[in-house]
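**Q** The structure under discussion is supplied below as structure tokens; questions concerning it will follow.
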Amino acid sequence: MAFKRTLVVRGKGPEAKGLADRYFHETLVRIHRAGEGAPYTGLKPAGTDPGPAVTATDRAIESGRADALMKQVTEDVIAGIRRRFARVLEAKRHAAHNVEAGRAFVEAYVDFVHYVERLHGVAAASAGPHGEEAGSA
């Protein structure tokens with residue numbers, strides 16, 4: 001429906017063409033984001049940095065080699081585990097001192113466990129095109 005509307009309006013001059021194109025792209029991105037369960041936050045300007053994961057992924061595809069991508073992701077995962085593990089160990093040392101310290105330990109523990117669970121879940125999943133389980137569509 002959006003595509004047909006866009007085609008009709010595009011033929012009504014350059015200004016209409018620009019508005020129709022923007023309408024179509026916004027609709028497409030809105031539907032895509034909804035399918036991912038993510039909010040639509042608008043179109044990003046051309047040249048917007050997509051972030052290190054997308055940049056590294058694109059480089060791997062362009063070069064035909066995933067070694068640098070795997071190294072970067074692995075280093076980020078290791079750093080995340082180390083940081084959370086150090087925090088939980090430090091909090092554990094003080095957990096019995098008072099209620100606030102006990103709560104800090106529980107918070108650090110939950111953060112650490114949930115981080116590792118998320119990593120393991122992603123690593124162990126056989127994901128489809130947008131992270132959903134293969135065959136779930």
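Chain lettering (A, B, ...) mirrors the order of the structure tokens, residue numbering begins at 1 for each chain separately, and ligand numbering begins at 1 in order of display.
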Excluding region 58-60 of chain A and residues on its chain fewer than 6 positions from it, collect all residues at most 10 Å away from it, counting only C-alpha atoms, and give them as a VMD selection string.

**A** chain A and resid 52 66 to 70

**Q** Residues at most 9 Å from Ala20 (chain A), counting only C-alpha atoms, excluding those fewer than 5 positions away in the same chain, as a VMD selection string?

**A** chain A and resid 5 to 10 15 25

**Q** Those selected residues, please, written with C-alpha atoms and delivered as a short mmCIF file (atom, residue, chain, number, x, y, z; two decimals), in the first residue's frame.

**A**
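Generated output (again21.cif):
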data_model
loop_
_atom_site.label_atom_id
_atom_site.label_comp_id
_atom_site.auth_asym_id
_atom_site.auth_seq_id
_atom_site.Cartn_x
_atom_site.Cartn_y
_atom_site.Cartn_z
CA ARG A 5 0.90 5.51 -2.79
CA THR A 6 4.51 6.58 -3.17
CA LEU A 7 4.52 5.80 -6.90
CA VAL A 8 1.35 7.83 -7.47
CA VAL A 9 2.63 10.89 -5.58
CA ARG A 10 6.19 10.76 -6.97
CA GLU A 15 8.78 18.44 -4.24
CA HIS A 25 11.48 5.27 3.73
#

**Q** DSSP on the backbone, then: every residue of chain A marked alpha helix (DSSP H), written as JSON, numbers by chain.

**A** {"A": [2, 3, 4, 5, 6, 7, 8, 9, 10, 14, 15, 16, 17, 18, 19, 20, 21, 22, 23, 24, 25, 26, 27, 28, 29, 30, 31, 32, 33, 34, 35, 36, 52, 53, 54, 55, 56, 57, 58, 59, 60, 61, 62, 63, 67, 68, 69, 70, 71, 72, 73, 74, 75, 76, 77, 78, 79, 80, 81, 82, 83, 84, 85, 86, 87, 88, 89, 90, 91, 92, 93, 94, 99, 100, 101, 102, 103, 104, 105, 106, 107, 108, 109, 110, 111, 112, 113, 114, 115, 116, 117, 118, 119, 120, 121, 122, 123, 124]}

**Q** Could the residues of region 18-94 of chain A that have an atom at most 10 Å from region 113-129 of chain A be listed as JSON lines, each with its closest atom pair and the distance in Å to one decimal, counting only C-alpha atoms and ordered by chain and ascending residue number?

**A**
{"residue": "A:Val77", "atom": "CA", "partner": "A:Leu119", "partner_atom": "CA", "distance": 8.1}
{"residue": "A:Gly80", "atom": "CA", "partner": "A:Tyr115", "partner_atom": "CA", "distance": 8.2}
{"residue": "A:Ile81", "atom": "CA", "partner": "A:Val116", "partner_atom": "CA", "distance": 7.3}
{"residue": "A:Arg84", "atom": "CA", "partner": "A:Tyr115", "partner_atom": "CA", "distance": 8.4}
{"residue": "A:Phe85", "atom": "CA", "partner": "A:Val113", "partner_atom": "CA", "distance": 9.3}
{"residue": "A:Val88", "atom": "CA", "partner": "A:Val113", "partner_atom": "CA", "distance": 9.8}

**Q** For N, CA, C and O atoms, I'd like the residues from the last selection saved as a PDB file, in the first residue's frame.

**A**
ATOM      1  N   VAL A  77      33.652  -8.927  24.583  1.00  0.00           N
ATOM      2  CA  VAL A  77      32.989  -9.881  25.487  1.00  0.00           C
ATOM      3  C   VAL A  77      33.874 -10.151  26.694  1.00  0.00           C
ATOM      4  O   VAL A  77      33.416 -10.128  27.840  1.00  0.00           O
ATOM      5  N   GLY A  80      33.868  -7.227  29.008  1.00  0.00           N
ATOM      6  CA  GLY A  80      32.597  -7.133  29.733  1.00  0.00           C
ATOM      7  C   GLY A  80      32.513  -8.133  30.870  1.00  0.00           C
ATOM      8  O   GLY A  80      32.048  -7.809  31.968  1.00  0.00           O
ATOM      9  N   ILE A  81      32.949  -9.358  30.624  1.00  0.00           N
ATOM     10  CA  ILE A  81      32.945 -10.377  31.680  1.00  0.00           C
ATOM     11  C   ILE A  81      33.920  -9.991  32.780  1.00  0.00           C
ATOM     12  O   ILE A  81      33.582 -10.057  33.970  1.00  0.00           O
ATOM     13  N   ARG A  84      32.561  -7.025  34.980  1.00  0.00           N
ATOM     14  CA  ARG A  84      31.463  -7.436  35.860  1.00  0.00           C
ATOM     15  C   ARG A  84      31.924  -8.432  36.925  1.00  0.00           C
ATOM     16  O   ARG A  84      31.474  -8.396  38.055  1.00  0.00           O
ATOM     17  N   PHE A  85      32.825  -9.320  36.546  1.00  0.00           N
ATOM     18  CA  PHE A  85      33.346 -10.311  37.489  1.00  0.00           C
ATOM     19  C   PHE A  85      34.136  -9.616  38.606  1.00  0.00           C
ATOM     20  O   PHE A  85      33.948  -9.930  39.792  1.00  0.00           O
ATOM     21  N   VAL A  88      31.633  -7.957  40.947  1.00  0.00           N
ATOM     22  CA  VAL A  88      30.907  -8.875  41.826  1.00  0.00           C
ATOM     23  C   VAL A  88      31.833  -9.429  42.920  1.00  0.00           C
ATOM     24  O   VAL A  88      31.423  -9.584  44.065  1.00  0.00           O
TER      25      VAL A  88
END

**Q** Mind checking which residues fall within 8 Å of region 26-30 of chain A, counting only C-alpha atoms, ignoring those fewer than 4 positions away in the same chain, and posting them as a PyMOL selection string?

**A** chain A and resi 2+22+34+39-40+42-43

**Q** So the first atom is CA of Val54 (chain A) and the second is CA of Glu36 (chain A); what is the distance between them in Å, to one decimal place?

**A** 16.4 Å

**Q** At what distance in Å, to one decimal, does CA of Met1 (chain A) lie from CA of His32 (chain A)?

**A** 15.4 Å

**Q** Calculated over only C-alpha atoms, which of the candidates A:Ala16, A:Ala56, A:Leu89, A:Ile31 has the smallest distance to Val73 (chain A)?

**A** A:Ala56

**Q** Could you name the residues that touch Phe105 (chain A) at 12 Å or less, counting only C-alpha atoms, but leaving out those on the same chain fewer than 4 positions away, as a PDB file with C-alpha atoms, in the first residue's frame?

**A**
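Saved the output as selection-v2.pdb:
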ATOM      1  CA  ARG A  84      31.463  -7.436  35.860  1.00  0.00           C
ATOM      2  CA  PHE A  85      33.346 -10.311  37.489  1.00  0.00           C
ATOM      3  CA  ALA A  86      35.720  -7.911  39.255  1.00  0.00           C
ATOM      4  CA  ARG A  87      32.772  -5.848  40.443  1.00  0.00           C
ATOM      5  CA  VAL A  88      30.907  -8.875  41.826  1.00  0.00           C
ATOM      6  CA  LEU A  89      34.028 -10.211  43.595  1.00  0.00           C
ATOM      7  CA  GLU A  90      34.716  -6.828  45.178  1.00  0.00           C
ATOM      8  CA  ALA A  91      31.092  -6.484  46.273  1.00  0.00           C
ATOM      9  CA  LYS A  92      31.128 -10.028  47.676  1.00  0.00           C
ATOM     10  CA  ARG A  93      34.067  -9.145  49.920  1.00  0.00           C
ATOM     11  CA  HIS A  94      31.937  -6.477  51.622  1.00  0.00           C
ATOM     12  CA  ALA A  95      28.477  -8.049  51.337  1.00  0.00           C
ATOM     13  CA  ALA A  96      28.178  -8.962  55.019  1.00  0.00           C
ATOM     14  CA  HIS A  97      29.308  -5.550  56.326  1.00  0.00           C
ATOM     15  CA  ASN A  98      25.900  -3.862  56.132  1.00  0.00           C
ATOM     16  CA  VAL A  99      22.598  -3.860  54.254  1.00  0.00           C
ATOM     17  CA  GLU A 100      23.797  -1.415  51.579  1.00  0.00           C
ATOM     18  CA  ALA A 101      26.863  -3.550  50.885  1.00  0.00           C
ATOM     19  CA  TYR A 109      25.746 -10.519  41.001  1.00  0.00           C
ATOM     20  CA  VAL A 110      22.494 -10.134  39.055  1.00  0.00           C
ATOM     21  CA  ASP A 111      24.164  -7.868  36.476  1.00  0.00           C
ATOM     22  CA  PHE A 112      27.025 -10.360  36.023  1.00  0.00           C
TER      23      PHE A 112
END
